[in-house]
Every structure is written in C-alpha cells, then in structure tokens.
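A.B. asks: Supplied structure: my_file-v3.pdb, PDB, N, CA and C atoms, pLDDT in the B column.
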```pdb
ATOM      1  N   MET S   1     -21.397 -19.089 -33.525  1.00 44.00           N
ATOM      2  CA  MET S   1     -20.932 -19.897 -32.417  1.00 44.00           C
ATOM      3  C   MET S   1     -20.771 -19.009 -31.188  1.00 44.00           C
ATOM      4  N   SER S   2     -21.316 -19.428 -30.082  1.00 59.00           N
ATOM      5  CA  SER S   2     -21.223 -18.651 -28.852  1.00 59.00           C
ATOM      6  C   SER S   2     -20.107 -19.195 -27.970  1.00 59.00           C
ATOM      7  N   SER S   3     -19.832 -18.489 -26.894  1.00 69.00           N
ATOM      8  CA  SER S   3     -18.816 -18.926 -25.943  1.00 69.00           C
ATOM      9  C   SER S   3     -19.283 -20.199 -25.236  1.00 69.00           C
ATOM     10  N   CYS S   4     -18.329 -20.917 -24.671  1.00 77.00           N
ATOM     11  CA  CYS S   4     -18.634 -22.152 -23.954  1.00 77.00           C
ATOM     12  C   CYS S   4     -19.355 -21.851 -22.630  1.00 77.00           C
ATOM     13  N   ASN S   5     -19.722 -22.882 -21.922  1.00 81.00           N
ATOM     14  CA  ASN S   5     -20.443 -22.762 -20.658  1.00 81.00           C
ATOM     15  C   ASN S   5     -19.595 -23.263 -19.476  1.00 81.00           C
ATOM     16  N   CYS S   6     -18.268 -23.292 -19.648  1.00 79.00           N
ATOM     17  CA  CYS S   6     -17.380 -23.874 -18.628  1.00 79.00           C
ATOM     18  C   CYS S   6     -17.413 -23.137 -17.302  1.00 79.00           C
ATOM     19  N   ILE S   7     -17.581 -21.805 -17.319  1.00 74.00           N
ATOM     20  CA  ILE S   7     -17.574 -21.043 -16.072  1.00 74.00           C
ATOM     21  C   ILE S   7     -18.714 -21.499 -15.165  1.00 74.00           C
ATOM     22  N   ALA S   8     -19.843 -21.843 -15.737  1.00 78.00           N
ATOM     23  CA  ALA S   8     -20.977 -22.323 -14.945  1.00 78.00           C
ATOM     24  C   ALA S   8     -20.843 -23.811 -14.623  1.00 78.00           C
ATOM     25  N   GLU S   9     -20.298 -24.590 -15.541  1.00 85.00           N
ATOM     26  CA  GLU S   9     -20.259 -26.034 -15.379  1.00 85.00           C
ATOM     27  C   GLU S   9     -19.071 -26.551 -14.566  1.00 85.00           C
ATOM     28  N   LYS S  10     -17.903 -25.910 -14.669  1.00 83.00           N
ATOM     29  CA  LYS S  10     -16.694 -26.431 -14.020  1.00 83.00           C
ATOM     30  C   LYS S  10     -16.845 -26.559 -12.498  1.00 83.00           C
ATOM     31  N   PRO S  11     -17.389 -25.558 -11.773  1.00 84.00           N
ATOM     32  CA  PRO S  11     -17.559 -25.751 -10.325  1.00 84.00           C
ATOM     33  C   PRO S  11     -18.452 -26.944  -9.983  1.00 84.00           C
ATOM     34  N   LYS S  12     -19.490 -27.165 -10.769  1.00 89.00           N
ATOM     35  CA  LYS S  12     -20.365 -28.318 -10.536  1.00 89.00           C
ATOM     36  C   LYS S  12     -19.581 -29.618 -10.718  1.00 89.00           C
ATOM     37  N   GLN S  13     -18.741 -29.668 -11.751  1.00 90.00           N
ATOM     38  CA  GLN S  13     -17.936 -30.859 -12.008  1.00 90.00           C
ATOM     39  C   GLN S  13     -16.914 -31.089 -10.892  1.00 90.00           C
ATOM     40  N   ILE S  14     -16.349 -30.009 -10.360  1.00 86.00           N
ATOM     41  CA  ILE S  14     -15.393 -30.115  -9.255  1.00 86.00           C
ATOM     42  C   ILE S  14     -16.075 -30.706  -8.023  1.00 86.00           C
ATOM     43  N   VAL S  15     -17.276 -30.211  -7.701  1.00 90.00           N
ATOM     44  CA  VAL S  15     -18.026 -30.728  -6.549  1.00 90.00           C
ATOM     45  C   VAL S  15     -18.338 -32.209  -6.748  1.00 90.00           C
ATOM     46  N   GLU S  16     -18.824 -32.568  -7.922  1.00 91.00           N
ATOM     47  CA  GLU S  16     -19.156 -33.971  -8.194  1.00 91.00           C
ATOM     48  C   GLU S  16     -17.925 -34.867  -8.091  1.00 91.00           C
ATOM     49  N   GLY S  17     -16.802 -34.394  -8.657  1.00 91.00           N
ATOM     50  CA  GLY S  17     -15.568 -35.174  -8.626  1.00 91.00           C
ATOM     51  C   GLY S  17     -15.036 -35.376  -7.213  1.00 91.00           C
ATOM     52  N   LEU S  18     -15.032 -34.310  -6.423  1.00 90.00           N
ATOM     53  CA  LEU S  18     -14.550 -34.421  -5.049  1.00 90.00           C
ATOM     54  C   LEU S  18     -15.470 -35.287  -4.204  1.00 90.00           C
ATOM     55  N   ASN S  19     -16.782 -35.121  -4.386  1.00 91.00           N
ATOM     56  CA  ASN S  19     -17.741 -35.907  -3.601  1.00 91.00           C
ATOM     57  C   ASN S  19     -17.664 -37.404  -3.922  1.00 91.00           C
ATOM     58  N   ALA S  20     -17.152 -37.738  -5.092  1.00 92.00           N
ATOM     59  CA  ALA S  20     -17.021 -39.141  -5.484  1.00 92.00           C
ATOM     60  C   ALA S  20     -15.782 -39.800  -4.878  1.00 92.00           C
ATOM     61  N   THR S  21     -14.885 -39.002  -4.286  1.00 90.00           N
ATOM     62  CA  THR S  21     -13.674 -39.567  -3.699  1.00 90.00           C
ATOM     63  C   THR S  21     -13.930 -40.062  -2.279  1.00 90.00           C
ATOM     64  N   LYS S  22     -13.080 -40.961  -1.844  1.00 89.00           N
ATOM     65  CA  LYS S  22     -13.190 -41.517  -0.494  1.00 89.00           C
ATOM     66  C   LYS S  22     -12.907 -40.449   0.561  1.00 89.00           C
ATOM     67  N   GLU S  23     -11.992 -39.533   0.249  1.00 82.00           N
ATOM     68  CA  GLU S  23     -11.606 -38.491   1.203  1.00 82.00           C
ATOM     69  C   GLU S  23     -12.764 -37.557   1.553  1.00 82.00           C
ATOM     70  N   TYR S  24     -13.543 -37.140   0.539  1.00 85.00           N
ATOM     71  CA  TYR S  24     -14.631 -36.184   0.782  1.00 85.00           C
ATOM     72  C   TYR S  24     -15.987 -36.862   0.921  1.00 85.00           C
ATOM     73  N   ASN S  25     -16.213 -37.944   0.235  1.00 85.00           N
ATOM     74  CA  ASN S  25     -17.400 -38.789   0.385  1.00 85.00           C
ATOM     75  C   ASN S  25     -18.706 -38.007   0.518  1.00 85.00           C
ATOM     76  N   GLY S  26     -18.944 -37.083  -0.411  1.00 86.00           N
ATOM     77  CA  GLY S  26     -20.201 -36.345  -0.429  1.00 86.00           C
ATOM     78  C   GLY S  26     -20.271 -35.137   0.478  1.00 86.00           C
ATOM     79  N   SER S  27     -19.169 -34.736   1.095  1.00 88.00           N
ATOM     80  CA  SER S  27     -19.208 -33.629   2.051  1.00 88.00           C
ATOM     81  C   SER S  27     -18.984 -32.252   1.428  1.00 88.00           C
ATOM     82  N   VAL S  28     -18.658 -32.189   0.131  1.00 88.00           N
ATOM     83  CA  VAL S  28     -18.417 -30.900  -0.517  1.00 88.00           C
ATOM     84  C   VAL S  28     -19.750 -30.293  -0.933  1.00 88.00           C
ATOM     85  N   LYS S  29     -20.038 -29.093  -0.449  1.00 88.00           N
ATOM     86  CA  LYS S  29     -21.314 -28.432  -0.702  1.00 88.00           C
ATOM     87  C   LYS S  29     -21.274 -27.614  -2.000  1.00 88.00           C
ATOM     88  N   SER S  30     -20.179 -26.853  -2.218  1.00 85.00           N
ATOM     89  CA  SER S  30     -20.106 -26.024  -3.415  1.00 85.00           C
ATOM     90  C   SER S  30     -18.650 -25.679  -3.717  1.00 85.00           C
ATOM     91  N   ALA S  31     -18.426 -25.158  -4.899  1.00 80.00           N
ATOM     92  CA  ALA S  31     -17.108 -24.691  -5.320  1.00 80.00           C
ATOM     93  C   ALA S  31     -17.318 -23.433  -6.157  1.00 80.00           C
ATOM     94  N   ARG S  32     -16.302 -22.582  -6.205  1.00 73.00           N
ATOM     95  CA  ARG S  32     -16.386 -21.401  -7.059  1.00 73.00           C
ATOM     96  C   ARG S  32     -15.003 -21.066  -7.580  1.00 73.00           C
ATOM     97  N   LEU S  33     -14.976 -20.402  -8.672  1.00 67.00           N
ATOM     98  CA  LEU S  33     -13.718 -19.966  -9.262  1.00 67.00           C
ATOM     99  C   LEU S  33     -13.352 -18.639  -8.620  1.00 67.00           C
ATOM    100  N   LYS S  34     -12.531 -18.678  -7.601  1.00 63.00           N
ATOM    101  CA  LYS S  34     -12.171 -17.480  -6.855  1.00 63.00           C
ATOM    102  C   LYS S  34     -11.295 -16.565  -7.690  1.00 63.00           C
ATOM    103  N   ASP S  35     -11.612 -15.290  -7.637  1.00 69.00           N
ATOM    104  CA  ASP S  35     -10.865 -14.243  -8.327  1.00 69.00           C
ATOM    105  C   ASP S  35     -10.932 -14.336  -9.848  1.00 69.00           C
ATOM    106  N   ALA S  36     -11.788 -15.162 -10.378  1.00 69.00           N
ATOM    107  CA  ALA S  36     -12.006 -15.185 -11.822  1.00 69.00           C
ATOM    108  C   ALA S  36     -13.210 -14.315 -12.124  1.00 69.00           C
ATOM    109  N   GLN S  37     -13.144 -13.577 -13.214  1.00 71.00           N
ATOM    110  CA  GLN S  37     -14.233 -12.682 -13.579  1.00 71.00           C
ATOM    111  C   GLN S  37     -14.612 -12.936 -15.025  1.00 71.00           C
ATOM    112  N   LEU S  38     -15.881 -12.880 -15.307  1.00 68.00           N
ATOM    113  CA  LEU S  38     -16.352 -12.939 -16.673  1.00 68.00           C
ATOM    114  C   LEU S  38     -16.624 -11.512 -17.095  1.00 68.00           C
ATOM    115  N   VAL S  39     -15.819 -10.997 -18.014  1.00 70.00           N
ATOM    116  CA  VAL S  39     -15.882  -9.604 -18.429  1.00 70.00           C
ATOM    117  C   VAL S  39     -16.618  -9.520 -19.761  1.00 70.00           C
ATOM    118  N   ILE S  40     -17.575  -8.623 -19.838  1.00 71.00           N
ATOM    119  CA  ILE S  40     -18.325  -8.408 -21.076  1.00 71.00           C
ATOM    120  C   ILE S  40     -17.892  -7.076 -21.657  1.00 71.00           C
ATOM    121  N   THR S  41     -17.439  -7.103 -22.909  1.00 68.00           N
ATOM    122  CA  THR S  41     -16.983  -5.887 -23.569  1.00 68.00           C
ATOM    123  C   THR S  41     -17.774  -5.676 -24.856  1.00 68.00           C
ATOM    124  N   GLN S  42     -17.709  -4.462 -25.362  1.00 70.00           N
ATOM    125  CA  GLN S  42     -18.419  -4.138 -26.587  1.00 70.00           C
ATOM    126  C   GLN S  42     -17.434  -3.692 -27.663  1.00 70.00           C
ATOM    127  N   ASN S  43     -16.175  -4.076 -27.524  1.00 65.00           N
ATOM    128  CA  ASN S  43     -15.148  -3.741 -28.499  1.00 65.00           C
ATOM    129  C   ASN S  43     -15.306  -4.642 -29.723  1.00 65.00           C
ATOM    130  N   MET S  44     -15.646  -4.070 -30.855  1.00 60.00           N
ATOM    131  CA  MET S  44     -15.849  -4.820 -32.107  1.00 60.00           C
ATOM    132  C   MET S  44     -16.925  -5.899 -31.950  1.00 60.00           C
ATOM    133  N   GLY S  45     -18.022  -5.571 -31.333  1.00 64.00           N
ATOM    134  CA  GLY S  45     -19.108  -6.503 -31.095  1.00 64.00           C
ATOM    135  C   GLY S  45     -19.147  -6.906 -29.639  1.00 64.00           C
ATOM    136  N   LEU S  46     -20.222  -7.496 -29.210  1.00 64.00           N
ATOM    137  CA  LEU S  46     -20.396  -7.905 -27.825  1.00 64.00           C
ATOM    138  C   LEU S  46     -19.673  -9.225 -27.594  1.00 64.00           C
ATOM    139  N   THR S  47     -18.826  -9.285 -26.587  1.00 65.00           N
ATOM    140  CA  THR S  47     -18.091 -10.512 -26.291  1.00 65.00           C
ATOM    141  C   THR S  47     -17.892 -10.641 -24.787  1.00 65.00           C
ATOM    142  N   SER S  48     -17.665 -11.844 -24.337  1.00 68.00           N
ATOM    143  CA  SER S  48     -17.335 -12.072 -22.931  1.00 68.00           C
ATOM    144  C   SER S  48     -16.052 -12.887 -22.875  1.00 68.00           C
ATOM    145  N   LYS S  49     -15.209 -12.567 -21.898  1.00 74.00           N
ATOM    146  CA  LYS S  49     -13.943 -13.259 -21.720  1.00 74.00           C
ATOM    147  C   LYS S  49     -13.712 -13.497 -20.244  1.00 74.00           C
ATOM    148  N   LEU S  50     -12.994 -14.553 -19.941  1.00 78.00           N
ATOM    149  CA  LEU S  50     -12.605 -14.829 -18.566  1.00 78.00           C
ATOM    150  C   LEU S  50     -11.390 -13.982 -18.232  1.00 78.00           C
ATOM    151  N   SER S  51     -11.387 -13.428 -17.050  1.00 80.00           N
ATOM    152  CA  SER S  51     -10.285 -12.597 -16.587  1.00 80.00           C
ATOM    153  C   SER S  51      -9.916 -13.017 -15.176  1.00 80.00           C
ATOM    154  N   THR S  52      -8.653 -12.935 -14.854  1.00 78.00           N
ATOM    155  CA  THR S  52      -8.182 -13.203 -13.505  1.00 78.00           C
ATOM    156  C   THR S  52      -7.038 -12.251 -13.201  1.00 78.00           C
ATOM    157  N   PRO S  53      -6.894 -11.815 -11.950  1.00 78.00           N
ATOM    158  CA  PRO S  53      -5.811 -10.901 -11.640  1.00 78.00           C
ATOM    159  C   PRO S  53      -4.454 -11.593 -11.726  1.00 78.00           C
ATOM    160  N   LEU S  54      -3.491 -10.889 -12.234  1.00 77.00           N
ATOM    161  CA  LEU S  54      -2.120 -11.369 -12.325  1.00 77.00           C
ATOM    162  C   LEU S  54      -1.263 -10.486 -11.443  1.00 77.00           C
ATOM    163  N   GLU S  55      -0.520 -11.088 -10.540  1.00 81.00           N
ATOM    164  CA  GLU S  55       0.358 -10.332  -9.654  1.00 81.00           C
ATOM    165  C   GLU S  55       1.798 -10.553 -10.092  1.00 81.00           C
ATOM    166  N   ILE S  56       2.536  -9.463 -10.252  1.00 78.00           N
ATOM    167  CA  ILE S  56       3.919  -9.524 -10.697  1.00 78.00           C
ATOM    168  C   ILE S  56       4.814  -8.921  -9.631  1.00 78.00           C
ATOM    169  N   GLU S  57       5.797  -9.691  -9.184  1.00 80.00           N
ATOM    170  CA  GLU S  57       6.763  -9.174  -8.224  1.00 80.00           C
ATOM    171  C   GLU S  57       7.867  -8.457  -8.984  1.00 80.00           C
ATOM    172  N   ILE S  58       8.177  -7.230  -8.571  1.00 80.00           N
ATOM    173  CA  ILE S  58       9.168  -6.404  -9.250  1.00 80.00           C
ATOM    174  C   ILE S  58      10.271  -6.052  -8.261  1.00 80.00           C
ATOM    175  N   ILE S  59      11.508  -6.202  -8.701  1.00 83.00           N
ATOM    176  CA  ILE S  59      12.654  -5.869  -7.847  1.00 83.00           C
ATOM    177  C   ILE S  59      12.569  -4.400  -7.454  1.00 83.00           C
ATOM    178  N   GLY S  60      12.739  -4.125  -6.167  1.00 84.00           N
ATOM    179  CA  GLY S  60      12.679  -2.762  -5.651  1.00 84.00           C
ATOM    180  C   GLY S  60      11.282  -2.297  -5.288  1.00 84.00           C
ATOM    181  N   ARG S  61      10.286  -3.108  -5.541  1.00 82.00           N
ATOM    182  CA  ARG S  61       8.905  -2.759  -5.199  1.00 82.00           C
ATOM    183  C   ARG S  61       8.441  -3.656  -4.060  1.00 82.00           C
ATOM    184  N   LYS S  62       7.848  -3.066  -3.018  1.00 89.00           N
ATOM    185  CA  LYS S  62       7.450  -3.832  -1.837  1.00 89.00           C
ATOM    186  C   LYS S  62       6.202  -4.677  -2.071  1.00 89.00           C
ATOM    187  N   THR S  63       5.285  -4.173  -2.869  1.00 89.00           N
ATOM    188  CA  THR S  63       4.047  -4.912  -3.126  1.00 89.00           C
ATOM    189  C   THR S  63       4.012  -5.338  -4.588  1.00 89.00           C
ATOM    190  N   PRO S  64       3.383  -6.474  -4.857  1.00 85.00           N
ATOM    191  CA  PRO S  64       3.304  -6.901  -6.249  1.00 85.00           C
ATOM    192  C   PRO S  64       2.404  -5.989  -7.078  1.00 85.00           C
ATOM    193  N   LYS S  65       2.720  -5.853  -8.343  1.00 84.00           N
ATOM    194  CA  LYS S  65       1.880  -5.092  -9.269  1.00 84.00           C
ATOM    195  C   LYS S  65       0.762  -6.019  -9.727  1.00 84.00           C
ATOM    196  N   LYS S  66      -0.455  -5.502  -9.741  1.00 82.00           N
ATOM    197  CA  LYS S  66      -1.605  -6.298 -10.160  1.00 82.00           C
ATOM    198  C   LYS S  66      -2.125  -5.776 -11.497  1.00 82.00           C
ATOM    199  N   MET S  67      -2.405  -6.698 -12.402  1.00 75.00           N
ATOM    200  CA  MET S  67      -2.995  -6.333 -13.689  1.00 75.00           C
ATOM    201  C   MET S  67      -3.926  -7.460 -14.129  1.00 75.00           C
ATOM    202  N   PRO S  68      -4.961  -7.130 -14.880  1.00 78.00           N
ATOM    203  CA  PRO S  68      -5.878  -8.184 -15.322  1.00 78.00           C
ATOM    204  C   PRO S  68      -5.256  -9.020 -16.430  1.00 78.00           C
ATOM    205  N   LEU S  69      -5.520 -10.305 -16.394  1.00 76.00           N
ATOM    206  CA  LEU S  69      -5.088 -11.227 -17.434  1.00 76.00           C
ATOM    207  C   LEU S  69      -6.354 -11.747 -18.094  1.00 76.00           C
ATOM    208  N   PHE S  70      -6.511 -11.472 -19.377  1.00 80.00           N
ATOM    209  CA  PHE S  70      -7.690 -11.903 -20.119  1.00 80.00           C
ATOM    210  C   PHE S  70      -7.361 -13.122 -20.960  1.00 80.00           C
ATOM    211  N   PHE S  71      -8.263 -14.074 -20.990  1.00 82.00           N
ATOM    212  CA  PHE S  71      -8.082 -15.288 -21.774  1.00 82.00           C
ATOM    213  C   PHE S  71      -8.827 -15.159 -23.102  1.00 82.00           C
ATOM    214  N   ASN S  72      -8.169 -15.459 -24.220  1.00 82.00           N
ATOM    215  CA  ASN S  72      -8.824 -15.486 -25.521  1.00 82.00           C
ATOM    216  C   ASN S  72      -9.486 -16.837 -25.764  1.00 82.00           C
ATOM    217  N   TYR S  73      -9.024 -17.850 -25.014  1.00 86.00           N
ATOM    218  CA  TYR S  73      -9.576 -19.197 -25.117  1.00 86.00           C
ATOM    219  C   TYR S  73      -9.938 -19.666 -23.715  1.00 86.00           C
ATOM    220  N   CYS S  74     -10.969 -20.470 -23.613  1.00 84.00           N
ATOM    221  CA  CYS S  74     -11.359 -21.026 -22.320  1.00 84.00           C
ATOM    222  C   CYS S  74     -10.222 -21.902 -21.803  1.00 84.00           C
ATOM    223  N   PRO S  75      -9.741 -21.661 -20.574  1.00 83.00           N
ATOM    224  CA  PRO S  75      -8.641 -22.475 -20.057  1.00 83.00           C
ATOM    225  C   PRO S  75      -9.065 -23.907 -19.709  1.00 83.00           C
ATOM    226  N   PHE S  76     -10.362 -24.203 -19.740  1.00 84.00           N
ATOM    227  CA  PHE S  76     -10.844 -25.528 -19.407  1.00 84.00           C
ATOM    228  C   PHE S  76     -11.072 -26.400 -20.641  1.00 84.00           C
ATOM    229  N   CYS S  77     -11.728 -25.847 -21.671  1.00 88.00           N
ATOM    230  CA  CYS S  77     -12.053 -26.672 -22.845  1.00 88.00           C
ATOM    231  C   CYS S  77     -11.321 -26.228 -24.106  1.00 88.00           C
ATOM    232  N   GLY S  78     -10.712 -25.055 -24.087  1.00 90.00           N
ATOM    233  CA  GLY S  78      -9.942 -24.595 -25.237  1.00 90.00           C
ATOM    234  C   GLY S  78     -10.755 -23.888 -26.308  1.00 90.00           C
ATOM    235  N   GLN S  79     -12.051 -23.705 -26.103  1.00 87.00           N
ATOM    236  CA  GLN S  79     -12.882 -23.032 -27.102  1.00 87.00           C
ATOM    237  C   GLN S  79     -12.563 -21.542 -27.111  1.00 87.00           C
ATOM    238  N   GLU S  80     -12.458 -20.978 -28.298  1.00 85.00           N
ATOM    239  CA  GLU S  80     -12.173 -19.555 -28.436  1.00 85.00           C
ATOM    240  C   GLU S  80     -13.402 -18.734 -28.045  1.00 85.00           C
ATOM    241  N   TYR S  81     -13.173 -17.630 -27.326  1.00 76.00           N
ATOM    242  CA  TYR S  81     -14.258 -16.708 -27.005  1.00 76.00           C
ATOM    243  C   TYR S  81     -14.568 -15.908 -28.252  1.00 76.00           C
ATOM    244  N   LYS S  82     -15.801 -15.935 -28.686  1.00 71.00           N
ATOM    245  CA  LYS S  82     -16.233 -15.274 -29.929  1.00 71.00           C
ATOM    246  C   LYS S  82     -17.049 -14.029 -29.620  1.00 71.00           C
ATOM    247  N   THR S  83     -17.047 -13.103 -30.561  1.00 60.00           N
ATOM    248  CA  THR S  83     -17.929 -11.941 -30.444  1.00 60.00           C
ATOM    249  C   THR S  83     -19.312 -12.319 -30.926  1.00 60.00           C
ATOM    250  N   ALA S  84     -20.305 -11.682 -30.356  1.00 56.00           N
ATOM    251  CA  ALA S  84     -21.701 -11.992 -30.706  1.00 56.00           C
ATOM    252  C   ALA S  84     -22.159 -11.166 -31.878  1.00 56.00           C
TER     253      ALA S  84
END
```
When written as structure tokens, how does the structure in this file appear?
C.D. replies:
Amino acid sequence: MSSCNCIAEKPKQIVEGLNATKEYNGSVKSARLKDAQLVITQNMGLTSKLSTPLEIEIIGRKTPKKMPLFFNYCPFCGQEYKTA
C-alpha cells in the first residue's frame, strides 16, 4: 500500500469548492498548501511524510522557536504514511 495522493488533490478540490460558491463564482485560479513540505526519508525503507513548521512561543524568548512537525497520517484522509 502506498501513501495517499491528498497533497496533489486537495488544492484542486479547494479551487473547485471555492469556485462553486456565489462569493468566488469561478474567480479562484489556484491554491497551494503553504509551508507544507513532503519529506522523503530513507529511515527503515523509503517513505514520504507531510511536514509543516511548528512555532512555539516560550516565556523569556523574543522570537518563537521553530521545529518541524511530521505527520504519521494524512491530515486530510487519515491514511497512514507507509514505507515503500
């Protein structure tokens, strides 16, 4: 079983959904998942996972700490990311 195709399909679905509304009425040209990354690793086999930056505000620190947040399951369809 391979990983899902949500990263490619979700922006298309967002455009279609918005264009079907009265507010946008076909005016949306494209959409993208900003700051989301598809990371390919070779740890225990070849796998890909969705990653997005996580910012944490810490008392006494002027700027937020940034760290990657990796998803083990697709946040859109819930399918587990599998190794190849």
A.B. asks: What is the atom N of S:Gly26 to atom C of S:Ile14 distance in Å?
C.D. replies: 10.3 Å
A.B. asks: Take atom C of S:Lys49 and atom C of S:Gln37 and report the distance between them in Å, one decimal.
C.D. replies: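 Between these atoms lies a distance of 5.3 Å.
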A.B. asks: If the PyMOL selection byres ((chain S and resi 68) around 5) were run on this exact file, what residues would it hold? Put them as a PyMOL selection string.
C.D. replies: chain S and resi 52-54+66-67+69-70
A.B. asks: Which residue out of S:Lys22, S:Arg32, S:Arg61, S:Lys82 has the minimum interatomic distance to S:Cys4 when only N, CA and C atoms are used?
C.D. replies: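 Of S:Lys22, S:Arg32, S:Arg61, S:Lys82, the one nearest S:Cys4 is S:Lys82, counting only N, CA and C atoms.
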A.B. asks: Please indicate the distance in Å from atom N of S:Thr21 to atom C of S:Glu9, rounded to one decimal place.
C.D. replies: 16.7 Å
A.B. asks: Using all atoms listed in the file, which of S:Gln42, S:Ser30, S:Glu55, S:Gly60 sits nearest S:Lys12?
C.D. replies: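 Among the listed residues, the smallest separation from S:Lys12 belongs to S:Ser30.
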A.B. asks: Using only N, CA and C atoms, which residues sit within 7 Å of S:Leu18 once same-chain residues fewer than 6 positions away are excluded, as a JSON list (two decimals) with N, CA and C atoms, in the frame of the given file?
C.D. replies:
```json
[["chain", "number", "residue", "atom", "x", "y", "z"],
["S", 24, "TYR", "N", -13.54, -37.14, 0.54],
["S", 24, "TYR", "CA", -14.63, -36.18, 0.78],
["S", 24, "TYR", "C", -15.99, -36.86, 0.92],
["S", 25, "ASN", "N", -16.21, -37.94, 0.24],
["S", 25, "ASN", "CA", -17.40, -38.79, 0.38],
["S", 25, "ASN", "C", -18.71, -38.01, 0.52],
["S", 26, "GLY", "N", -18.94, -37.08, -0.41],
["S", 26, "GLY", "CA", -20.20, -36.34, -0.43],
["S", 26, "GLY", "C", -20.27, -35.14, 0.48],
["S", 27, "SER", "N", -19.17, -34.74, 1.10],
["S", 27, "SER", "CA", -19.21, -33.63, 2.05],
["S", 27, "SER", "C", -18.98, -32.25, 1.43],
["S", 28, "VAL", "N", -18.66, -32.19, 0.13],
["S", 28, "VAL", "CA", -18.42, -30.90, -0.52],
["S", 28, "VAL", "C", -19.75, -30.29, -0.93]]
```
A.B. asks: With the file shown as input, list the residues that the PyMOL selection byres (((chain S and resi 71-76 and name CA) around 7) and name CA) selects, as a list in words.
C.D. replies: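 Going through the file, the PyMOL selection byres (((chain S and resi 71-76 and name CA) around 7) and name CA) ends up selecting Cys6, Lys49, Leu50, Ser51, Leu69, Phe70, Cys77, Gly78, Gln79, Glu80 and Tyr81 of chain S.
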A.B. asks: Near S:Lys65, within 8 Å and counting only C-alpha atoms, which residues show up once chain neighbours fewer than 3 positions away are dropped, as a list in words?
C.D. replies: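 Counting only C-alpha atoms, the residues come to Glu55, Ile56, Glu57 and Ile58 of chain S.
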A.B. asks: Just save stretch 60-65 of chain S with all heavy atoms, as a PDB file, in the first residue's frame.
C.D. replies:
```pdb
ATOM      1  N   GLY S  60      10.156  34.389  28.033  1.00  0.00           N
ATOM      2  CA  GLY S  60      11.524  34.891  28.099  1.00  0.00           C
ATOM      3  C   GLY S  60      12.253  34.881  26.769  1.00  0.00           C
ATOM      4  O   GLY S  60      13.382  35.346  26.677  1.00  0.00           O
ATOM      5  N   ARG S  61      11.632  34.365  25.738  1.00  0.00           N
ATOM      6  CA  ARG S  61      12.244  34.338  24.408  1.00  0.00           C
ATOM      7  C   ARG S  61      11.490  35.302  23.503  1.00  0.00           C
ATOM      8  O   ARG S  61      10.253  35.266  23.448  1.00  0.00           O
ATOM      9  CB  ARG S  61      12.198  32.914  23.844  1.00  0.00           C
ATOM     10  CG  ARG S  61      12.944  32.762  22.561  1.00  0.00           C
ATOM     11  CD  ARG S  61      12.947  31.313  22.106  1.00  0.00           C
ATOM     12  NE  ARG S  61      13.536  31.246  20.786  1.00  0.00           N
ATOM     13  CZ  ARG S  61      14.282  30.268  20.367  1.00  0.00           C
ATOM     14  NH1 ARG S  61      14.538  29.246  21.162  1.00  0.00           N
ATOM     15  NH2 ARG S  61      14.769  30.265  19.156  1.00  0.00           N
ATOM     16  N   LYS S  62      12.216  36.161  22.781  1.00  0.00           N
ATOM     17  CA  LYS S  62      11.580  37.184  21.953  1.00  0.00           C
ATOM     18  C   LYS S  62      10.974  36.619  20.673  1.00  0.00           C
ATOM     19  O   LYS S  62       9.961  37.114  20.194  1.00  0.00           O
ATOM     20  CB  LYS S  62      12.581  38.285  21.614  1.00  0.00           C
ATOM     21  CG  LYS S  62      12.980  39.112  22.806  1.00  0.00           C
ATOM     22  CD  LYS S  62      13.908  40.237  22.408  1.00  0.00           C
ATOM     23  CE  LYS S  62      14.287  41.052  23.630  1.00  0.00           C
ATOM     24  NZ  LYS S  62      15.147  42.179  23.298  1.00  0.00           N
ATOM     25  N   THR S  63      11.611  35.617  20.107  1.00  0.00           N
ATOM     26  CA  THR S  63      11.106  35.034  18.862  1.00  0.00           C
ATOM     27  C   THR S  63      10.643  33.607  19.129  1.00  0.00           C
ATOM     28  O   THR S  63      11.180  32.911  19.998  1.00  0.00           O
ATOM     29  CB  THR S  63      12.191  35.020  17.770  1.00  0.00           C
ATOM     30  OG1 THR S  63      13.302  34.251  18.240  1.00  0.00           O
ATOM     31  CG2 THR S  63      12.643  36.427  17.425  1.00  0.00           C
ATOM     32  N   PRO S  64       9.634  33.165  18.389  1.00  0.00           N
ATOM     33  CA  PRO S  64       9.181  31.796  18.596  1.00  0.00           C
ATOM     34  C   PRO S  64      10.214  30.773  18.131  1.00  0.00           C
ATOM     35  O   PRO S  64      10.983  31.030  17.205  1.00  0.00           O
ATOM     36  CB  PRO S  64       7.914  31.690  17.754  1.00  0.00           C
ATOM     37  CG  PRO S  64       7.832  32.920  16.945  1.00  0.00           C
ATOM     38  CD  PRO S  64       8.858  33.873  17.407  1.00  0.00           C
ATOM     39  N   LYS S  65      10.244  29.637  18.785  1.00  0.00           N
ATOM     40  CA  LYS S  65      11.115  28.535  18.374  1.00  0.00           C
ATOM     41  C   LYS S  65      10.397  27.786  17.259  1.00  0.00           C
ATOM     42  O   LYS S  65       9.204  27.518  17.341  1.00  0.00           O
ATOM     43  CB  LYS S  65      11.367  27.604  19.554  1.00  0.00           C
ATOM     44  CG  LYS S  65      12.260  26.449  19.220  1.00  0.00           C
ATOM     45  CD  LYS S  65      12.537  25.587  20.436  1.00  0.00           C
ATOM     46  CE  LYS S  65      13.464  24.454  20.055  1.00  0.00           C
ATOM     47  NZ  LYS S  65      13.761  23.613  21.215  1.00  0.00           N
TER      48      LYS S  65
END
```
